[in-house]
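Scroll down for the structure; my scribbles are underneath it.
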Amino acid sequence: MVNLVEAQKPLLHGLMKMAGIRPTTVEIEPGTSMTFWVPAETLKNPSKKPKKPKPAVVLIHGFAAEGIVTWQFQVGALTKKYAVYVPDLLFFGGSTTNSSDRSPTFQAECLAAALGKLGVTRCTLVGFSYGGMVAFKMAEMRPDLVEAMVVSGSILAMTESISEAELNRMGFQSSSDLLLPTSIDGLKTLLKIATHKKLWFPDRMHKDYLKVMFANRKERSELLEALVIAKQNPDIPYFPQRIHLLWGESDQIFRTEIAQQMKEKLGENATYEGIKKAGHLVHLERPCVYNRCLKRFLATLYEDYQAQK
């Protein structure tokens, strides 16, 4: 029987190509490679720099889906003015490693190295959920590469106390129970928590999604375990970049209170913007509103940048 989710991939790939991006694989080191969707011109002649290069925007996915599935409604809205890069983090899509390191720091190091091989020297990161945590690590380690960030439904560091409190509030014993469902009912519960308005799909669609999008369960479970740190009050690194927190106001996984507290800790370079009638999956629930907010921030960012040159 045809997997309905798998059957939609050629259509999605076609839409991405129409938007001007193409798939490629970047070998970071022997045994470690990341799959990407990148601007078509990057693959035509990587050594040739355009006279007026577009600003690079890197869209980093969360835990429930690979890159272009997560950002399917954003890519086409951005490619006219920006060079859009959509990576699959390690153990998502076709990205793999033989390293035993499962930390978000390692993900960030690999992503930065891959972008370097693609010729990206400065970029803005757009990180959702798990991707936001990777984005924060990358911005901390590579301020020369990351000039700004937009973060949705994420957090600076997942301490044991935050992890336990949030999971208990939602009725789960572990992050894996929530984010790596093994049954149709488990996936329905995840979607119910992650959205403002209940989404209806036939059970077969849920079953097919489980088969396609939740591969590498052992490694992904280890990724979740590596997120949690023992230190209850970790030091907040200084970020020289502008950081825009773009949140669904009905987010039940990382509530708006967490976003507001994070904004205060990040200081004057951070701004917050809430989107009504949207949950954790804000970019999928209200893509038009999300895209307007995202493009407005990017326009302001690069207008300021051009004015300083």
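For the structure tokens, the naming scheme is as follows: chains receive sequential letters (A, B, ...) according to their order of presentation, residues are indexed from 1 within each chain, and ligands are indexed from 1 in presentation order.
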
Give me, as number ranges by chain, all polymer residues having an atom no more than 9 Å from stretch 269-281 of chain A, counting only C-alpha atoms and skipping those fewer than 2 positions away in the same chain. A: 128-129, 152-153, 191, 193-197, 239-256, 259-260, 262-267, 283-286, 289-290, 293

Considering only C-alpha atoms, can you say which of A:Ile21, A:Val212, A:Ile229, A:Leu190 comes closest to A:Lys44?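 Closest to A:Lys44 of all the choices is A:Ile21.
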
DSSP on the backbone: what in stretch 29-178 of chain A comes out alpha helix (DSSP H), as number ranges by chain? A: 40-44, 67-70, 75-78, 104-117, 130-141, 160-170, 175-178

I need the residue nearest A:Lys295 from this list: A:Leu78, A:Leu89, A:Met141, A:Leu227. Use only C-alpha atoms for the distance.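 The answer is A:Leu78, which sits nearest to A:Lys295.
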
Tell me, as a ChimeraX atom specification, which residues lie within 9 Å of stretch 171-177 of chain A, counting only C-alpha atoms; anything in the same chain fewer than 6 positions away does not count. /A:163-164,186,220-221,224-225

Which residues, written as a PyMOL selection string, have at least one atom at most 8 Å from A:Val57, with only C-alpha atoms counted and residues fewer than 5 positions away on the same chain left out? chain A and resi 82-85+123-126

Selected residues, all heavy atoms, written as a PDB file, in the first residue's frame, please.
```
ATOM      1  N   TYR A  82      16.368  36.511  -0.483  1.00  0.00           N
ATOM      2  CA  TYR A  82      17.386  35.901   0.374  1.00  0.00           C
ATOM      3  C   TYR A  82      17.875  34.578  -0.209  1.00  0.00           C
ATOM      4  O   TYR A  82      17.138  33.885  -0.916  1.00  0.00           O
ATOM      5  CB  TYR A  82      16.817  35.666   1.780  1.00  0.00           C
ATOM      6  CG  TYR A  82      16.286  36.935   2.402  1.00  0.00           C
ATOM      7  CD1 TYR A  82      14.916  37.223   2.379  1.00  0.00           C
ATOM      8  CD2 TYR A  82      17.150  37.871   2.967  1.00  0.00           C
ATOM      9  CE1 TYR A  82      14.425  38.403   2.913  1.00  0.00           C
ATOM     10  CE2 TYR A  82      16.663  39.050   3.505  1.00  0.00           C
ATOM     11  CZ  TYR A  82      15.306  39.318   3.476  1.00  0.00           C
ATOM     12  OH  TYR A  82      14.826  40.495   3.991  1.00  0.00           O
ATOM     13  N   ALA A  83      19.119  34.262   0.075  1.00  0.00           N
ATOM     14  CA  ALA A  83      19.677  32.958  -0.272  1.00  0.00           C
ATOM     15  C   ALA A  83      19.309  32.001   0.863  1.00  0.00           C
ATOM     16  O   ALA A  83      19.844  32.111   1.972  1.00  0.00           O
ATOM     17  CB  ALA A  83      21.190  33.058  -0.432  1.00  0.00           C
ATOM     18  N   VAL A  84      18.387  31.089   0.597  1.00  0.00           N
ATOM     19  CA  VAL A  84      17.800  30.246   1.637  1.00  0.00           C
ATOM     20  C   VAL A  84      18.491  28.879   1.672  1.00  0.00           C
ATOM     21  O   VAL A  84      18.606  28.202   0.647  1.00  0.00           O
ATOM     22  CB  VAL A  84      16.285  30.067   1.414  1.00  0.00           C
ATOM     23  CG1 VAL A  84      15.691  29.119   2.459  1.00  0.00           C
ATOM     24  CG2 VAL A  84      15.583  31.423   1.467  1.00  0.00           C
ATOM     25  N   TYR A  85      18.917  28.491   2.863  1.00  0.00           N
ATOM     26  CA  TYR A  85      19.544  27.193   3.095  1.00  0.00           C
ATOM     27  C   TYR A  85      18.700  26.425   4.111  1.00  0.00           C
ATOM     28  O   TYR A  85      18.385  26.959   5.181  1.00  0.00           O
ATOM     29  CB  TYR A  85      20.964  27.371   3.638  1.00  0.00           C
ATOM     30  CG  TYR A  85      21.917  28.017   2.666  1.00  0.00           C
ATOM     31  CD1 TYR A  85      21.916  29.403   2.473  1.00  0.00           C
ATOM     32  CD2 TYR A  85      22.815  27.253   1.927  1.00  0.00           C
ATOM     33  CE1 TYR A  85      22.777  30.008   1.567  1.00  0.00           C
ATOM     34  CE2 TYR A  85      23.688  27.845   1.027  1.00  0.00           C
ATOM     35  CZ  TYR A  85      23.660  29.218   0.850  1.00  0.00           C
ATOM     36  OH  TYR A  85      24.516  29.810  -0.053  1.00  0.00           O
ATOM     37  N   CYS A 123      25.348  34.802   8.026  1.00  0.00           N
ATOM     38  CA  CYS A 123      23.977  34.356   7.830  1.00  0.00           C
ATOM     39  C   CYS A 123      23.105  34.740   9.013  1.00  0.00           C
ATOM     40  O   CYS A 123      23.589  35.043  10.099  1.00  0.00           O
ATOM     41  CB  CYS A 123      23.926  32.841   7.616  1.00  0.00           C
ATOM     42  SG  CYS A 123      24.482  31.875   9.047  1.00  0.00           S
ATOM     43  N   THR A 124      21.806  34.691   8.767  1.00  0.00           N
ATOM     44  CA  THR A 124      20.811  34.791   9.827  1.00  0.00           C
ATOM     45  C   THR A 124      20.207  33.408  10.028  1.00  0.00           C
ATOM     46  O   THR A 124      19.860  32.733   9.052  1.00  0.00           O
ATOM     47  CB  THR A 124      19.700  35.789   9.460  1.00  0.00           C
ATOM     48  OG1 THR A 124      20.253  37.102   9.410  1.00  0.00           O
ATOM     49  CG2 THR A 124      18.576  35.768  10.483  1.00  0.00           C
ATOM     50  N   LEU A 125      20.108  32.979  11.266  1.00  0.00           N
ATOM     51  CA  LEU A 125      19.520  31.684  11.591  1.00  0.00           C
ATOM     52  C   LEU A 125      18.063  31.855  11.992  1.00  0.00           C
ATOM     53  O   LEU A 125      17.723  32.769  12.745  1.00  0.00           O
ATOM     54  CB  LEU A 125      20.276  31.015  12.747  1.00  0.00           C
ATOM     55  CG  LEU A 125      21.788  30.815  12.581  1.00  0.00           C
ATOM     56  CD1 LEU A 125      22.364  30.147  13.836  1.00  0.00           C
ATOM     57  CD2 LEU A 125      22.106  29.988  11.343  1.00  0.00           C
ATOM     58  N   VAL A 126      17.209  30.974  11.484  1.00  0.00           N
ATOM     59  CA  VAL A 126      15.818  30.908  11.907  1.00  0.00           C
ATOM     60  C   VAL A 126      15.629  29.516  12.494  1.00  0.00           C
ATOM     61  O   VAL A 126      15.638  28.520  11.764  1.00  0.00           O
ATOM     62  CB  VAL A 126      14.847  31.152  10.740  1.00  0.00           C
ATOM     63  CG1 VAL A 126      13.401  31.134  11.244  1.00  0.00           C
ATOM     64  CG2 VAL A 126      15.157  32.482  10.055  1.00  0.00           C
TER      65      VAL A 126
END
```

At what distance in Å, to one decimal, does atom CA of A:Leu180 lie from atom CA of A:Lys207?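 So the two atoms, atom CA of A:Lys207 and atom CA of A:Leu180, lie 13.3 Å apart.
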
If I take atom CA of A:Val5 and atom CA of A:Pro287, how far is one from the other in Å, to one decimal? 20.4 Å

Where does DSSP see strand (DSSP E) in stretch 126-157 of chain A, if you list the residues as number ranges by chain? A: 126-128, 146-152

Residue contacts of stretch 7-19 of chain A (10 Å, only C-alpha atoms) excluding same-chain residues fewer than 2 positions away, as JSON, numbers by chain: {"A": [2, 3, 4, 5, 21, 22, 23, 37, 38, 39, 40, 68, 69, 72, 73, 75, 76, 77, 78, 79, 80, 84]}

Keeping only N, CA, C and O atoms, write the selected residues to a file as a PDB file, in the first residue's frame.
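File out-v3.pdb, as written:
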```pdb
ATOM      1  N   VAL A   2       0.507   2.229  -0.769  1.00  0.00           N
ATOM      2  CA  VAL A   2       1.289   3.452  -0.894  1.00  0.00           C
ATOM      3  C   VAL A   2       1.257   4.237   0.408  1.00  0.00           C
ATOM      4  O   VAL A   2       0.193   4.426   1.011  1.00  0.00           O
ATOM      5  N   ASN A   3       2.430   4.708   0.849  1.00  0.00           N
ATOM      6  CA  ASN A   3       2.504   5.575   2.019  1.00  0.00           C
ATOM      7  C   ASN A   3       2.135   6.991   1.576  1.00  0.00           C
ATOM      8  O   ASN A   3       2.809   7.585   0.730  1.00  0.00           O
ATOM      9  N   LEU A   4       1.042   7.522   2.118  1.00  0.00           N
ATOM     10  CA  LEU A   4       0.527   8.813   1.658  1.00  0.00           C
ATOM     11  C   LEU A   4       1.496   9.955   1.919  1.00  0.00           C
ATOM     12  O   LEU A   4       1.596  10.894   1.125  1.00  0.00           O
ATOM     13  N   VAL A   5       2.229   9.879   3.020  1.00  0.00           N
ATOM     14  CA  VAL A   5       3.191  10.934   3.347  1.00  0.00           C
ATOM     15  C   VAL A   5       4.384  10.868   2.389  1.00  0.00           C
ATOM     16  O   VAL A   5       4.836  11.887   1.868  1.00  0.00           O
ATOM     17  N   ILE A  21      15.527  26.357  -4.894  1.00  0.00           N
ATOM     18  CA  ILE A  21      16.528  25.644  -4.100  1.00  0.00           C
ATOM     19  C   ILE A  21      16.615  24.200  -4.572  1.00  0.00           C
ATOM     20  O   ILE A  21      15.669  23.661  -5.133  1.00  0.00           O
ATOM     21  N   ARG A  22      17.785  23.588  -4.353  1.00  0.00           N
ATOM     22  CA  ARG A  22      18.064  22.240  -4.839  1.00  0.00           C
ATOM     23  C   ARG A  22      18.686  21.404  -3.719  1.00  0.00           C
ATOM     24  O   ARG A  22      19.360  21.938  -2.847  1.00  0.00           O
ATOM     25  N   PRO A  23      18.513  20.072  -3.773  1.00  0.00           N
ATOM     26  CA  PRO A  23      19.101  19.218  -2.729  1.00  0.00           C
ATOM     27  C   PRO A  23      20.573  18.942  -2.983  1.00  0.00           C
ATOM     28  O   PRO A  23      21.020  18.837  -4.127  1.00  0.00           O
ATOM     29  N   TRP A  37      18.987  21.641   1.385  1.00  0.00           N
ATOM     30  CA  TRP A  37      18.434  22.287   0.203  1.00  0.00           C
ATOM     31  C   TRP A  37      19.069  23.672   0.168  1.00  0.00           C
ATOM     32  O   TRP A  37      19.044  24.394   1.167  1.00  0.00           O
ATOM     33  N   VAL A  38      19.659  24.014  -0.975  1.00  0.00           N
ATOM     34  CA  VAL A  38      20.449  25.240  -1.079  1.00  0.00           C
ATOM     35  C   VAL A  38      20.065  25.996  -2.337  1.00  0.00           C
ATOM     36  O   VAL A  38      19.454  25.435  -3.261  1.00  0.00           O
ATOM     37  N   PRO A  39      20.415  27.289  -2.438  1.00  0.00           N
ATOM     38  CA  PRO A  39      20.129  28.037  -3.666  1.00  0.00           C
ATOM     39  C   PRO A  39      20.725  27.352  -4.889  1.00  0.00           C
ATOM     40  O   PRO A  39      21.865  26.874  -4.849  1.00  0.00           O
ATOM     41  N   ALA A  40      19.952  27.295  -5.972  1.00  0.00           N
ATOM     42  CA  ALA A  40      20.392  26.582  -7.177  1.00  0.00           C
ATOM     43  C   ALA A  40      21.723  27.108  -7.680  1.00  0.00           C
ATOM     44  O   ALA A  40      22.575  26.339  -8.141  1.00  0.00           O
ATOM     45  N   ILE A  68      12.700  20.575   4.929  1.00  0.00           N
ATOM     46  CA  ILE A  68      11.731  21.191   4.021  1.00  0.00           C
ATOM     47  C   ILE A  68      10.291  20.891   4.409  1.00  0.00           C
ATOM     48  O   ILE A  68       9.384  21.630   4.018  1.00  0.00           O
ATOM     49  N   VAL A  69      10.062  19.824   5.176  1.00  0.00           N
ATOM     50  CA  VAL A  69       8.714  19.577   5.679  1.00  0.00           C
ATOM     51  C   VAL A  69       8.359  20.642   6.719  1.00  0.00           C
ATOM     52  O   VAL A  69       7.253  21.194   6.722  1.00  0.00           O
ATOM     53  N   GLN A  72       8.145  24.279   4.761  1.00  0.00           N
ATOM     54  CA  GLN A  72       7.567  24.263   3.417  1.00  0.00           C
ATOM     55  C   GLN A  72       6.821  25.546   3.067  1.00  0.00           C
ATOM     56  O   GLN A  72       6.741  25.925   1.888  1.00  0.00           O
ATOM     57  N   PHE A  73       6.264  26.233   4.077  1.00  0.00           N
ATOM     58  CA  PHE A  73       5.504  27.459   3.797  1.00  0.00           C
ATOM     59  C   PHE A  73       6.358  28.722   3.871  1.00  0.00           C
ATOM     60  O   PHE A  73       5.876  29.822   3.587  1.00  0.00           O
ATOM     61  N   VAL A  75       9.878  28.808   2.648  1.00  0.00           N
ATOM     62  CA  VAL A  75      10.922  28.870   1.620  1.00  0.00           C
ATOM     63  C   VAL A  75      10.527  29.794   0.475  1.00  0.00           C
ATOM     64  O   VAL A  75      11.260  30.721   0.111  1.00  0.00           O
ATOM     65  N   GLY A  76       9.362  29.565  -0.118  1.00  0.00           N
ATOM     66  CA  GLY A  76       8.933  30.364  -1.266  1.00  0.00           C
ATOM     67  C   GLY A  76       8.736  31.834  -0.946  1.00  0.00           C
ATOM     68  O   GLY A  76       8.860  32.688  -1.824  1.00  0.00           O
ATOM     69  N   ALA A  77       8.447  32.134   0.317  1.00  0.00           N
ATOM     70  CA  ALA A  77       8.244  33.529   0.724  1.00  0.00           C
ATOM     71  C   ALA A  77       9.558  34.288   0.865  1.00  0.00           C
ATOM     72  O   ALA A  77       9.562  35.517   0.918  1.00  0.00           O
ATOM     73  N   LEU A  78      10.685  33.557   0.922  1.00  0.00           N
ATOM     74  CA  LEU A  78      11.969  34.187   1.219  1.00  0.00           C
ATOM     75  C   LEU A  78      12.950  34.213   0.051  1.00  0.00           C
ATOM     76  O   LEU A  78      13.850  35.053   0.023  1.00  0.00           O
ATOM     77  N   THR A  79      12.811  33.289  -0.895  1.00  0.00           N
ATOM     78  CA  THR A  79      13.881  33.095  -1.877  1.00  0.00           C
ATOM     79  C   THR A  79      14.062  34.256  -2.858  1.00  0.00           C
ATOM     80  O   THR A  79      15.115  34.372  -3.473  1.00  0.00           O
ATOM     81  N   LYS A  80      13.076  35.125  -3.002  1.00  0.00           N
ATOM     82  CA  LYS A  80      13.231  36.256  -3.923  1.00  0.00           C
ATOM     83  C   LYS A  80      14.308  37.214  -3.437  1.00  0.00           C
ATOM     84  O   LYS A  80      15.114  37.726  -4.229  1.00  0.00           O
ATOM     85  N   VAL A  84      18.387  31.089   0.597  1.00  0.00           N
ATOM     86  CA  VAL A  84      17.800  30.246   1.637  1.00  0.00           C
ATOM     87  C   VAL A  84      18.491  28.879   1.672  1.00  0.00           C
ATOM     88  O   VAL A  84      18.606  28.202   0.647  1.00  0.00           O
TER      89      VAL A  84
END
```

Residues at most 9 Å from A:Thr35, counting only C-alpha atoms, excluding those fewer than 4 positions away in the same chain, as a PDB file with C-alpha atoms, in the first residue's frame?
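The resulting file, selection-v4.pdb, is shown below:
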```pdb
ATOM      1  CA  PRO A  23      19.101  19.218  -2.729  1.00  0.00           C
ATOM      2  CA  THR A  24      22.729  18.417  -2.003  1.00  0.00           C
ATOM      3  CA  THR A  25      24.830  16.518   0.519  1.00  0.00           C
ATOM      4  CA  VAL A  26      27.824  18.040   2.291  1.00  0.00           C
ATOM      5  CA  GLU A  27      30.510  15.785   3.745  1.00  0.00           C
ATOM      6  CA  VAL A  86      17.513  24.376   4.652  1.00  0.00           C
ATOM      7  CA  PRO A  87      19.642  21.738   6.425  1.00  0.00           C
ATOM      8  CA  ASP A  88      18.632  18.411   7.897  1.00  0.00           C
ATOM      9  CA  LEU A  89      20.257  18.093  11.304  1.00  0.00           C
ATOM     10  CA  LEU A  90      22.084  14.860  12.113  1.00  0.00           C
ATOM     11  CA  PHE A  92      17.054  13.719  10.279  1.00  0.00           C
ATOM     12  CA  GLY A  93      16.489  13.385   6.557  1.00  0.00           C
ATOM     13  CA  GLY A  94      19.659  11.925   5.069  1.00  0.00           C
ATOM     14  CA  SER A  95      22.101  13.435   7.580  1.00  0.00           C
ATOM     15  CA  THR A  96      24.271  10.923   9.427  1.00  0.00           C
TER      16      THR A  96
END
```
